[in-house]
>>> print(open('query_32.cif').read())   # mmCIF, C-alpha atoms
data_entry
loop_
_atom_site.label_atom_id
_atom_site.label_comp_id
_atom_site.auth_asym_id
_atom_site.auth_seq_id
_atom_site.Cartn_x
_atom_site.Cartn_y
_atom_site.Cartn_z
CA MET A 4 0.00 0.00 0.00
CA THR A 5 1.46 3.35 -0.98
CA GLN A 6 1.60 6.28 1.35
CA ARG A 7 -0.77 8.18 -0.89
CA SER A 8 -3.48 5.53 -0.66
CA ARG A 9 -3.23 5.45 3.15
CA ARG A 10 -4.13 9.12 3.49
CA PRO A 11 -7.80 10.00 3.83
CA GLN A 12 -9.06 11.41 0.57
CA GLU A 13 -9.02 15.18 0.60
CA GLN A 14 -11.81 17.08 -1.07
CA ILE A 15 -10.14 18.87 -3.98
CA GLU A 16 -12.19 21.61 -5.54
CA HIS A 17 -11.71 22.22 -9.23
CA ARG A 18 -12.88 25.19 -11.22
CA ALA A 19 -15.83 24.13 -13.36
CA PRO A 20 -15.28 24.50 -17.10
CA SER A 21 -17.61 26.88 -18.89
CA GLU A 22 -17.23 25.49 -22.42
CA CYS A 23 -17.80 21.97 -23.70
CA PRO A 24 -14.44 20.29 -24.43
CA VAL A 25 -15.99 18.47 -27.41
CA CYS A 26 -17.94 21.13 -29.33
CA GLY A 27 -17.00 24.40 -27.57
CA ASP A 28 -20.60 25.33 -26.75
CA GLN A 29 -21.59 26.78 -23.37
CA LEU A 30 -21.99 24.16 -20.62
CA ALA A 31 -25.11 24.19 -18.44
CA VAL A 32 -25.14 23.45 -14.71
CA ILE A 33 -27.59 20.58 -14.29
CA ARG A 34 -26.70 19.14 -10.88
CA LEU A 35 -25.84 20.74 -7.56
CA GLY A 36 -24.84 18.80 -4.47
CA CYS A 37 -24.18 19.36 -0.80
CA ALA A 38 -20.80 17.93 0.26
CA SER A 39 -21.97 17.81 3.88
CA CYS A 40 -25.23 15.84 3.70
CA GLY A 41 -25.27 14.52 0.13
CA THR A 42 -28.44 16.33 -0.95
CA GLU A 43 -28.59 16.80 -4.72
CA LEU A 44 -30.63 19.17 -6.86
CA VAL A 45 -31.13 18.34 -10.52
CA GLY A 46 -32.33 20.82 -13.13
CA VAL A 47 -30.96 23.45 -15.47
CA PHE A 48 -29.40 26.25 -13.45
CA ARG A 49 -28.14 29.58 -14.72
CA SER A 50 -24.40 29.92 -14.19
CA CYS A 51 -22.65 32.93 -12.75
CA GLU A 52 -21.69 35.49 -15.38
CA PHE A 53 -18.20 35.66 -13.88
CA CYS A 54 -17.71 31.88 -13.84
CA ALA A 55 -16.52 31.91 -17.46
CA LEU A 56 -13.45 33.92 -16.43
CA ASN A 57 -10.21 32.05 -15.89
CA GLU A 58 -8.07 32.72 -12.83
CA LYS A 59 -5.88 35.27 -14.64
CA GLU A 60 -8.94 37.25 -15.79
CA THR A 61 -10.55 37.06 -12.35
CA GLU A 62 -7.38 38.40 -10.74
CA MET A 63 -7.20 41.25 -13.26
CA LEU A 64 -10.82 42.15 -12.47
CA ARG A 65 -10.03 42.13 -8.74
CA VAL A 66 -7.06 44.45 -9.27
CA PHE A 67 -9.20 46.76 -11.41
CA LEU A 68 -11.95 46.88 -8.78
CA SER A 69 -9.60 47.30 -5.83
CA SER A 70 -7.85 50.17 -7.62
CA ARG A 71 -11.27 51.77 -8.21
CA GLY A 72 -11.06 51.47 -11.98
CA ASN A 73 -7.53 52.79 -12.41
CA LEU A 74 -6.03 51.05 -15.46
CA ARG A 75 -2.59 52.44 -14.56
CA GLU A 76 -2.70 50.27 -11.44
CA VAL A 77 -3.69 47.27 -13.56
CA GLU A 78 -0.78 48.10 -15.87
CA LYS A 79 1.64 48.10 -12.92
CA TYR A 80 0.22 44.90 -11.46
CA LEU A 81 0.42 43.02 -14.77
CA GLY A 82 3.81 44.49 -15.62
CA VAL A 83 2.65 45.45 -19.12
CA SER A 84 2.32 48.65 -21.13
CA TYR A 85 -0.82 50.77 -20.83
CA PRO A 86 -2.09 49.80 -24.33
CA THR A 87 -1.68 46.11 -23.44
CA ALA A 88 -3.54 46.58 -20.14
CA ARG A 89 -6.33 48.38 -22.04
CA LEU A 90 -6.52 45.59 -24.61
CA ARG A 91 -6.70 42.88 -21.96
CA PHE A 92 -9.41 44.79 -20.10
CA ALA A 93 -11.39 45.27 -23.32
CA GLN A 94 -11.12 41.52 -23.95
CA LEU A 95 -12.33 40.88 -20.41
CA LEU A 96 -15.35 43.15 -20.92
CA GLU A 97 -16.12 41.45 -24.22
CA LYS A 98 -15.97 38.02 -22.58
CA LEU A 99 -18.46 39.23 -19.97
CA GLY A 100 -20.71 40.66 -22.68
CA LEU A 101 -20.24 44.18 -21.33
CA GLY A 102 -18.25 45.87 -24.03
CA GLU A 103 -17.82 46.32 -27.70
CA ALA A 104 -15.41 44.09 -29.55
CA ALA A 105 -11.86 44.80 -28.51
CA GLU A 106 -10.53 47.30 -30.96
CA PRO A 107 -7.04 46.77 -32.33
CA GLU A 108 -4.48 48.97 -30.68
CA ALA A 109 -3.11 51.23 -33.39
CA THR A 110 -0.43 52.41 -30.96
CA LEU A 111 1.25 48.97 -30.94
CA THR A 112 3.46 48.14 -33.88
CA ARG A 113 4.69 44.67 -34.78
CA ASP A 114 8.07 45.48 -33.21
CA GLN A 115 6.42 46.73 -30.00
CA ILE A 116 4.33 43.56 -29.79
CA LEU A 117 7.42 41.37 -30.23
CA SER A 118 9.23 43.44 -27.62
CA GLU A 119 6.37 42.84 -25.17
CA VAL A 120 6.62 39.08 -25.83
CA ALA A 121 10.38 39.19 -25.22
CA SER A 122 9.84 40.97 -21.90
CA GLY A 123 7.18 38.46 -20.87
CA ALA A 124 4.40 41.06 -20.79
CA LEU A 125 2.50 39.29 -23.58
CA THR A 126 2.06 35.60 -24.23
CA PRO A 127 2.85 34.32 -27.74
CA ALA A 128 -0.88 33.63 -28.26
CA GLU A 129 -1.81 37.22 -27.35
CA ALA A 130 0.94 38.52 -29.64
CA GLN A 131 -0.30 36.34 -32.48
CA GLU A 132 -3.80 37.77 -32.07
CA LEU A 133 -2.50 41.36 -32.03
CA ILE A 134 -0.27 40.81 -35.05
CA SER A 135 -3.10 39.21 -37.00
CA ARG A 136 -5.18 42.35 -36.35
CA LEU A 137 -2.42 44.53 -37.78
CA GLN A 138 -2.54 42.76 -41.15
#
>>> encode(input="query_32.cif", output="structure tokens")
Amino acid sequence: MTQRSRRPQEQIEHRAPSECPVCGDQLAVIRLGCASCGTELVGVFRSCEFCALNEKETEMLRVFLSSRGNLREVEKYLGVSYPTARLRFAQLLEKLGLGEAAEPEATLTRDQILSEVASGALTPAEAQELISRLQ
């Protein structure tokens, strides 16, 4: 018997996915359960509008709210340029259905985008999206 199997099982909470891994459509909450007594509710439940955010987006929203809407504070926290912070916030608003489509940042050139990737301020996927908008 391994040491791992001798330990009592710990309740690990995972973040529920919001999109179907097969087709990409929105998942619906159909079962809720009480970990204490085992009661279960079955039906179609509306999910939280913020539940679709990943941990990185949730943290950015928390920083934005705690700084009372100051994007400069978000910029400092993320360690990115102001245009990048604005773009990420616009993407966050779009994901929540609260904003217009994120507009391409005319202030960022291809070289600036690559520089942000080199500094770690942008992920390669984010840079690819920005560069594709430039063309």
>>> residues_around(input="query_32.cif", residues="Asp114 in chain A", least_positions_apart="6", cutoff="12 Å", atoms="all atoms listed in the file", output="list of chain:residue names")
A:Val120, A:Ala121, A:Ala130, A:Leu133, A:Ile134, A:Leu137
>>> closest_residue(input="query_32.cif", among="A:Leu95, A:Ala19, A:Cys40, A:Pro86", to="Arg65 in chain A", atoms="only C-alpha atoms")
A:Leu95
>>> residues_around(input="query_32.cif", residues="Glu43 in chain A", least_positions_apart="6", cutoff="12 Å", atoms="all atoms listed in the file", output="PyMOL selection string")
chain A and resi 33-37
>>> write_last_selection(input="query_32.cif", atoms="C-alpha atoms", output="PDB file, keeping the file's coordinate frame")
ATOM      1  CA  ILE A  33     -27.590  20.580 -14.290  1.00  0.00           C
ATOM      2  CA  ARG A  34     -26.700  19.140 -10.880  1.00  0.00           C
ATOM      3  CA  LEU A  35     -25.840  20.740  -7.560  1.00  0.00           C
ATOM      4  CA  GLY A  36     -24.840  18.800  -4.470  1.00  0.00           C
ATOM      5  CA  CYS A  37     -24.180  19.360  -0.800  1.00  0.00           C
TER       6      CYS A  37
END
>>> closest_residue(input="query_32.cif", among="A:Ser122, A:Gln29, A:Ile116, A:Asn57", to="Ser135 in chain A", atoms="only C-alpha atoms")
A:Ile116
>>> residues_around(input="query_32.cif", residues="Lys98 in chain A", least_positions_apart="5", cutoff="9 Å", atoms="only C-alpha atoms", output="list of chain:residue names")
A:Ala55, A:Leu56, A:Ala93
>>> resolve_selection(input="query_32.cif", expression="the PyMOL selection byres ((chain A and resi 83) around 12)", output="MDAnalysis selection string")
chainID A and resid 74:82 84:91 115:116 118:126
>>> closest_residue(input="query_32.cif", among="A:Leu96, A:Ala128, A:Cys23, A:Leu101", to="Glu60 in chain A", atoms="all atoms listed in the file")
A:Leu96
>>> atom_distance(input="query_32.cif", atom1="CA of Ser50 in chain A", atom2="CA of Ser21 in chain A")
8.8 Å
>>> atom_distance(input="query_32.cif", atom1="CA of Pro24 in chain A", atom2="CA of Pro127 in chain A")
22.5 Å
>>> atom_distance(input="query_32.cif", atom1="CA of Glu52 in chain A", atom2="CA of Leu99 in chain A")
6.7 Å
>>> closest_residue(input="query_32.cif", among="A:Gln138, A:Gln131, A:Thr112, A:Gln94", to="Leu64 in chain A", atoms="only C-alpha atoms")
A:Gln94
>>> axis_aligned_box(input="query_32.cif", around="range 50-67 of chain A", padding_each_side="8 Å", output="JSON")
{"center_x": -15.1, "center_y": 38.3, "center_z": -13.1, "size_x": 34.5, "size_y": 32.8, "size_z": 24.7}
>>> closest_residue(input="query_32.cif", among="A:Glu132, A:Asp28, A:Pro20, A:Leu117", to="Glu58 in chain A", atoms="only C-alpha atoms")
A:Pro20
>>> decode(input="query_32.cif", residues="range 7-137 of chain A", atoms="C-alpha atoms", output="JSON list (two decimals), in the first residue's frame")
[["chain", "number", "residue", "atom", "x", "y", "z"],
["A", 7, "ARG", "CA", -0.77, 8.18, -0.89],
["A", 8, "SER", "CA", -3.48, 5.53, -0.66],
["A", 9, "ARG", "CA", -3.23, 5.45, 3.15],
["A", 10, "ARG", "CA", -4.13, 9.12, 3.49],
["A", 11, "PRO", "CA", -7.80, 10.00, 3.83],
["A", 12, "GLN", "CA", -9.06, 11.41, 0.57],
["A", 13, "GLU", "CA", -9.02, 15.18, 0.60],
["A", 14, "GLN", "CA", -11.81, 17.08, -1.07],
["A", 15, "ILE", "CA", -10.14, 18.87, -3.98],
["A", 16, "GLU", "CA", -12.19, 21.61, -5.54],
["A", 17, "HIS", "CA", -11.71, 22.22, -9.23],
["A", 18, "ARG", "CA", -12.88, 25.19, -11.22],
["A", 19, "ALA", "CA", -15.83, 24.13, -13.36],
["A", 20, "PRO", "CA", -15.28, 24.50, -17.10],
["A", 21, "SER", "CA", -17.61, 26.88, -18.89],
["A", 22, "GLU", "CA", -17.23, 25.49, -22.42],
["A", 23, "CYS", "CA", -17.80, 21.97, -23.70],
["A", 24, "PRO", "CA", -14.44, 20.29, -24.43],
["A", 25, "VAL", "CA", -15.99, 18.47, -27.41],
["A", 26, "CYS", "CA", -17.94, 21.13, -29.33],
["A", 27, "GLY", "CA", -17.00, 24.40, -27.57],
["A", 28, "ASP", "CA", -20.60, 25.33, -26.75],
["A", 29, "GLN", "CA", -21.59, 26.78, -23.37],
["A", 30, "LEU", "CA", -21.99, 24.16, -20.62],
["A", 31, "ALA", "CA", -25.11, 24.19, -18.44],
["A", 32, "VAL", "CA", -25.14, 23.45, -14.71],
["A", 33, "ILE", "CA", -27.59, 20.58, -14.29],
["A", 34, "ARG", "CA", -26.70, 19.14, -10.88],
["A", 35, "LEU", "CA", -25.84, 20.74, -7.56],
["A", 36, "GLY", "CA", -24.84, 18.80, -4.47],
["A", 37, "CYS", "CA", -24.18, 19.36, -0.80],
["A", 38, "ALA", "CA", -20.80, 17.93, 0.26],
["A", 39, "SER", "CA", -21.97, 17.81, 3.88],
["A", 40, "CYS", "CA", -25.23, 15.84, 3.70],
["A", 41, "GLY", "CA", -25.27, 14.52, 0.13],
["A", 42, "THR", "CA", -28.44, 16.33, -0.95],
["A", 43, "GLU", "CA", -28.59, 16.80, -4.72],
["A", 44, "LEU", "CA", -30.63, 19.17, -6.86],
["A", 45, "VAL", "CA", -31.13, 18.34, -10.52],
["A", 46, "GLY", "CA", -32.33, 20.82, -13.13],
["A", 47, "VAL", "CA", -30.96, 23.45, -15.47],
["A", 48, "PHE", "CA", -29.40, 26.25, -13.45],
["A", 49, "ARG", "CA", -28.14, 29.58, -14.72],
["A", 50, "SER", "CA", -24.40, 29.92, -14.19],
["A", 51, "CYS", "CA", -22.65, 32.93, -12.75],
["A", 52, "GLU", "CA", -21.69, 35.49, -15.38],
["A", 53, "PHE", "CA", -18.20, 35.66, -13.88],
["A", 54, "CYS", "CA", -17.71, 31.88, -13.84],
["A", 55, "ALA", "CA", -16.52, 31.91, -17.46],
["A", 56, "LEU", "CA", -13.45, 33.92, -16.43],
["A", 57, "ASN", "CA", -10.21, 32.05, -15.89],
["A", 58, "GLU", "CA", -8.07, 32.72, -12.83],
["A", 59, "LYS", "CA", -5.88, 35.27, -14.64],
["A", 60, "GLU", "CA", -8.94, 37.25, -15.79],
["A", 61, "THR", "CA", -10.55, 37.06, -12.35],
["A", 62, "GLU", "CA", -7.38, 38.40, -10.74],
["A", 63, "MET", "CA", -7.20, 41.25, -13.26],
["A", 64, "LEU", "CA", -10.82, 42.15, -12.47],
["A", 65, "ARG", "CA", -10.03, 42.13, -8.74],
["A", 66, "VAL", "CA", -7.06, 44.45, -9.27],
["A", 67, "PHE", "CA", -9.20, 46.76, -11.41],
["A", 68, "LEU", "CA", -11.95, 46.88, -8.78],
["A", 69, "SER", "CA", -9.60, 47.30, -5.83],
["A", 70, "SER", "CA", -7.85, 50.17, -7.62],
["A", 71, "ARG", "CA", -11.27, 51.77, -8.21],
["A", 72, "GLY", "CA", -11.06, 51.47, -11.98],
["A", 73, "ASN", "CA", -7.53, 52.79, -12.41],
["A", 74, "LEU", "CA", -6.03, 51.05, -15.46],
["A", 75, "ARG", "CA", -2.59, 52.44, -14.56],
["A", 76, "GLU", "CA", -2.70, 50.27, -11.44],
["A", 77, "VAL", "CA", -3.69, 47.27, -13.56],
["A", 78, "GLU", "CA", -0.78, 48.10, -15.87],
["A", 79, "LYS", "CA", 1.64, 48.10, -12.92],
["A", 80, "TYR", "CA", 0.22, 44.90, -11.46],
["A", 81, "LEU", "CA", 0.42, 43.02, -14.77],
["A", 82, "GLY", "CA", 3.81, 44.49, -15.62],
["A", 83, "VAL", "CA", 2.65, 45.45, -19.12],
["A", 84, "SER", "CA", 2.32, 48.65, -21.13],
["A", 85, "TYR", "CA", -0.82, 50.77, -20.83],
["A", 86, "PRO", "CA", -2.09, 49.80, -24.33],
["A", 87, "THR", "CA", -1.68, 46.11, -23.44],
["A", 88, "ALA", "CA", -3.54, 46.58, -20.14],
["A", 89, "ARG", "CA", -6.33, 48.38, -22.04],
["A", 90, "LEU", "CA", -6.52, 45.59, -24.61],
["A", 91, "ARG", "CA", -6.70, 42.88, -21.96],
["A", 92, "PHE", "CA", -9.41, 44.79, -20.10],
["A", 93, "ALA", "CA", -11.39, 45.27, -23.32],
["A", 94, "GLN", "CA", -11.12, 41.52, -23.95],
["A", 95, "LEU", "CA", -12.33, 40.88, -20.41],
["A", 96, "LEU", "CA", -15.35, 43.15, -20.92],
["A", 97, "GLU", "CA", -16.12, 41.45, -24.22],
["A", 98, "LYS", "CA", -15.97, 38.02, -22.58],
["A", 99, "LEU", "CA", -18.46, 39.23, -19.97],
["A", 100, "GLY", "CA", -20.71, 40.66, -22.68],
["A", 101, "LEU", "CA", -20.24, 44.18, -21.33],
["A", 102, "GLY", "CA", -18.25, 45.87, -24.03],
["A", 103, "GLU", "CA", -17.82, 46.32, -27.70],
["A", 104, "ALA", "CA", -15.41, 44.09, -29.55],
["A", 105, "ALA", "CA", -11.86, 44.80, -28.51],
["A", 106, "GLU", "CA", -10.53, 47.30, -30.96],
["A", 107, "PRO", "CA", -7.04, 46.77, -32.33],
["A", 108, "GLU", "CA", -4.48, 48.97, -30.68],
["A", 109, "ALA", "CA", -3.11, 51.23, -33.39],
["A", 110, "THR", "CA", -0.43, 52.41, -30.96],
["A", 111, "LEU", "CA", 1.25, 48.97, -30.94],
["A", 112, "THR", "CA", 3.46, 48.14, -33.88],
["A", 113, "ARG", "CA", 4.69, 44.67, -34.78],
["A", 114, "ASP", "CA", 8.07, 45.48, -33.21],
["A", 115, "GLN", "CA", 6.42, 46.73, -30.00],
["A", 116, "ILE", "CA", 4.33, 43.56, -29.79],
["A", 117, "LEU", "CA", 7.42, 41.37, -30.23],
["A", 118, "SER", "CA", 9.23, 43.44, -27.62],
["A", 119, "GLU", "CA", 6.37, 42.84, -25.17],
["A", 120, "VAL", "CA", 6.62, 39.08, -25.83],
["A", 121, "ALA", "CA", 10.38, 39.19, -25.22],
["A", 122, "SER", "CA", 9.84, 40.97, -21.90],
["A", 123, "GLY", "CA", 7.18, 38.46, -20.87],
["A", 124, "ALA", "CA", 4.40, 41.06, -20.79],
["A", 125, "LEU", "CA", 2.50, 39.29, -23.58],
["A", 126, "THR", "CA", 2.06, 35.60, -24.23],
["A", 127, "PRO", "CA", 2.85, 34.32, -27.74],
["A", 128, "ALA", "CA", -0.88, 33.63, -28.26],
["A", 129, "GLU", "CA", -1.81, 37.22, -27.35],
["A", 130, "ALA", "CA", 0.94, 38.52, -29.64],
["A", 131, "GLN", "CA", -0.30, 36.34, -32.48],
["A", 132, "GLU", "CA", -3.80, 37.77, -32.07],
["A", 133, "LEU", "CA", -2.50, 41.36, -32.03],
["A", 134, "ILE", "CA", -0.27, 40.81, -35.05],
["A", 135, "SER", "CA", -3.10, 39.21, -37.00],
["A", 136, "ARG", "CA", -5.18, 42.35, -36.35],
["A", 137, "LEU", "CA", -2.42, 44.53, -37.78]]
